[in-house]
Amino acid sequence: MSEKILVIGANGQIGTELVNTLRGIHGRDQVIASDINEPAYAIRNSGPFEFVNVLDKDNLHHVFTKHQPTQVYLLAAILSAVGEKKPKLAWDLNMNGLIHVLDLAVEFKTAKVFWPSSIAVFGPHSPQHQTPQYCVMDPNTVYGFSKLAGERWCEYYFAKYGLDVRSIRYPGLIGWKAAPGGGTTDYAVHIFHEALKTGKYESFLSENTALPMMYMDDAIRATLSLMDAPAERLTIRSSYNLAGMSFTPKQLAAEIAERIPGFDISYADNDPRQSIADSWPKSIDDSQAAIDWDWKLEYDLPKMVDDMLTNLKQTI
């Protein structure tokens with residue numbers, strides 16, 4: 001049976017790349033991109049597109065009725081830094097948008113649902129090094145506790161309704177094809193653009209702030225690996241830890257300076273994103289993902305820096 005895949009939030013950093021990858025695998029007409037905003041040219045012209053507001057359940061119901069999706073990827077969210085400026089909206093969108101999609105997936109007997117969680121579910125009292133799958137989780141941002149609550153809903157719908165929901169706790173994501181969406185790890189994308197444009201960058205995080213990061217190619221591959229895994233192998237129905245590479249702004253700047261001589265980095269004082277970063281893990285234990293669906297990282301820091309600069313030089 002051929003798949004009919006609905007991607008909600010297709011204009012975002014993940015959605016932009018995921019839609020193109022899925023269309024390459026399943027065919028352009030089998031992957032419906034959707035978003036509340038007008039899509040980028042590449043998405044609009046490579047296959048079907050629907051305007052979708054996840055807070056409008058009637059609108060969503062119409063899209064489910066029209067396309068009868070066998071898989072849904074719900075990527076629409078308000079991220080950490082923006083969420084602190086608009087906390088009630090972030091909660092509403094991140095929580096009720098998820099519940100609307102879960103309800104419709106049950107109603108329409110959707111085979112699989114993917115929903116991304118985040119390392120933001122961890123907090124100041126979580127272990128900071130090699131943070132385990134199960135530990136104290138006390139997030140102190142709206143984004144973080146909306147994701148933690150979302151994990152509980154996903155597991156609940158699996159246990160109560162048998163809905164095949166799958167999820168990953170993404171680290172910070174780095175890619176060159178789309179702009180980041182207002183998260184605490186966005187510096188690791190902006191720095192490449194500024195390095196090529198001006199030869200300098202002011203980081204909003206301090207030089208020794210270590211955070212887990214992942215190149216977008218690995219993130220997309222991990223997402224599809226999880227979705228392709230046999231259901232009987234999966235032991236986690238909340239969200240899987242996923243580790244990438246951990247580095248600091250100082251370490252990333254040093255790698256860039258090796259390739260762009262004279263590149264200079266400075267550091268801002270008192271940026272509100274610093275306190276968010278300080279509450280997050282410095283590294284992640286993702287051994288369960290390796291056991292359950294054979295996860296293995298491909299891009300380390302030097303390989304990622306090479307690929308980012310090679311591709312951005314052709315677009316800037």
# chains A, B, ... in the order shown; residues from 1 in each chain; ligands from 1
call {"tool": "select_by_dssp", "arguments": {"residues": "region 35-200 of chain A", "states": "strand (DSSP E)", "output": "list in words"}}
result
Asp35, Phe49, Glu50, Phe51, Gln71, Val72, Tyr73, Leu74, Lys112, Val113, Phe114, Ser117, Ser118, Val165, Arg166, Ile168, Arg169, Tyr170, Gly172, Leu173, Ile174 and Lys200 of chain A
call {"tool": "write_last_selection", "arguments": {"atoms": "C-alpha atoms", "output": "compact mmCIF listing (two decimals), in the first residue's frame"}}
result
# COMPACT_ATOMS: atom_id res chain seq x y z
CA ASP A 35 1.74 25.29 7.09
CA PHE A 49 0.38 22.13 -0.32
CA GLU A 50 -2.41 22.95 2.13
CA PHE A 51 -2.82 25.93 4.45
CA GLN A 71 1.45 9.11 8.27
CA VAL A 72 1.49 12.52 9.89
CA TYR A 73 4.53 14.55 10.91
CA LEU A 74 3.50 17.34 13.29
CA LYS A 112 1.86 6.47 12.30
CA VAL A 113 2.36 9.91 13.84
CA PHE A 114 5.70 11.65 14.37
CA SER A 117 10.28 16.63 21.46
CA SER A 118 13.49 18.36 22.57
CA VAL A 165 3.14 7.71 17.93
CA ARG A 166 6.91 8.09 17.62
CA ILE A 168 12.69 12.14 19.22
CA ARG A 169 14.14 14.60 21.70
CA TYR A 170 16.09 16.68 19.21
CA GLY A 172 20.09 21.81 18.63
CA LEU A 173 19.78 21.45 14.86
CA ILE A 174 22.15 22.95 12.31
CA LYS A 200 32.92 38.10 12.46
call {"tool": "closest_atom_pairs", "arguments": {"of": "region 120-181 of chain A", "to": "region 219-243 of chain A", "cutoff": "6 Å", "atoms": "only C-alpha atoms", "output": "CSV"}}
result
residue,atom,partner,partner_atom,distance
A:Gln133,CA,A:Asn241,CA,5.8
A:Glu151,CA,A:Ser238,CA,4.6
A:Cys154,CA,A:Ser238,CA,5.9
A:Glu155,CA,A:Ser238,CA,4.9
A:Ser167,CA,A:Ser239,CA,4.5
A:Ile168,CA,A:Tyr240,CA,4.7
A:Arg169,CA,A:Asn241,CA,5.2
call {"tool": "residues_around", "arguments": {"residues": "Asn11 (chain A)", "least_positions_apart": "5", "cutoff": "12 Å", "atoms": "only C-alpha atoms", "output": "PyMOL selection string"}}
result
chain A and resi 16-20+33-44+49-52+74-77+177-181
call {"tool": "residues_around", "arguments": {"residues": "region 273-290 of chain A", "least_positions_apart": "3", "cutoff": "8 Å", "atoms": "only C-alpha atoms", "output": "number ranges by chain"}}
result
A: 81, 119-120, 122-124, 126-133, 139-141, 184-185, 204-206, 209-212, 240-246, 270, 293-296
call {"tool": "closest_residue", "arguments": {"among": "A:Tyr143, A:Trp91, A:Tyr187, A:Phe247", "to": "Tyr201 (chain A)", "atoms": "only C-alpha atoms"}}
result
A:Tyr187
call {"tool": "closest_atom_pairs", "arguments": {"of": "region 164-200 of chain A", "to": "region 262-269 of chain A", "cutoff": "9 Å", "atoms": "only C-alpha atoms", "output": "Markdown table"}}
result
| residue | atom | partner | partner_atom | distance |
| --- | --- | --- | --- | --- |
| A:Ile191 | CA | A:Ile265 | CA | 8.8 |
| A:Ala195 | CA | A:Phe263 | CA | 6.4 |
| A:Leu196 | CA | A:Phe263 | CA | 8.9 |
| A:Thr198 | CA | A:Phe263 | CA | 8.6 |
| A:Gly199 | CA | A:Phe263 | CA | 4.8 |
| A:Lys200 | CA | A:Asp264 | CA | 4.6 |
call {"tool": "atom_distance", "arguments": {"atom1": "CA of Arg152 (chain A)", "atom2": "CA of Lys4 (chain A)"}}
result
26.6 Å
call {"tool": "residues_around", "arguments": {"residues": "Asp218 (chain A)", "least_positions_apart": "5", "cutoff": "7 Å", "atoms": "only C-alpha atoms", "output": "list in words"}}
result
Leu297, Glu298 and Tyr299 of chain A
call {"tool": "write_last_selection", "arguments": {"atoms": "C-alpha atoms", "output": "mmCIF file, in the first residue's frame"}}
result
data_model
loop_
_atom_site.group_PDB
_atom_site.id
_atom_site.type_symbol
_atom_site.label_atom_id
_atom_site.label_comp_id
_atom_site.auth_asym_id
_atom_site.auth_seq_id
_atom_site.Cartn_x
_atom_site.Cartn_y
_atom_site.Cartn_z
ATOM 1 C CA LEU A 297 25.736 9.507 14.171
ATOM 2 C CA GLU A 298 27.485 10.323 10.866
ATOM 3 C CA TYR A 299 28.490 14.001 11.184
#
call {"tool": "atom_distance", "arguments": {"atom1": "CA of Phe192 (chain A)", "atom2": "CA of Glu207 (chain A)"}}
result
15.9 Å
call {"tool": "closest_residue", "arguments": {"among": "A:Ile5, A:Ala254, A:Val189, A:Ile14", "to": "Arg28 (chain A)", "atoms": "only C-alpha atoms"}}
result
A:Ile5
call {"tool": "select_by_dssp", "arguments": {"residues": "region 6-118 of chain A", "states": "helix (DSSP H, G or I)", "output": "JSON, numbers by chain"}}
result
{"A": [13, 14, 15, 16, 17, 18, 19, 20, 21, 22, 23, 24, 25, 26, 28, 29, 30, 41, 42, 43, 44, 57, 58, 59, 60, 61, 62, 63, 64, 65, 66, 67, 80, 81, 82, 83, 84, 85, 87, 88, 89, 90, 91, 92, 93, 94, 95, 96, 97, 98, 99, 100, 101, 102, 103, 104, 105, 106, 107]}
call {"tool": "atom_distance", "arguments": {"atom1": "CA of Pro87 (chain A)", "atom2": "CA of His125 (chain A)"}}
result
22.1 Å
call {"tool": "closest_residue", "arguments": {"among": "A:Val121, A:Lys303, A:Glu3, A:Gly12", "to": "Cys135 (chain A)", "atoms": "only C-alpha atoms"}}
result
A:Val121
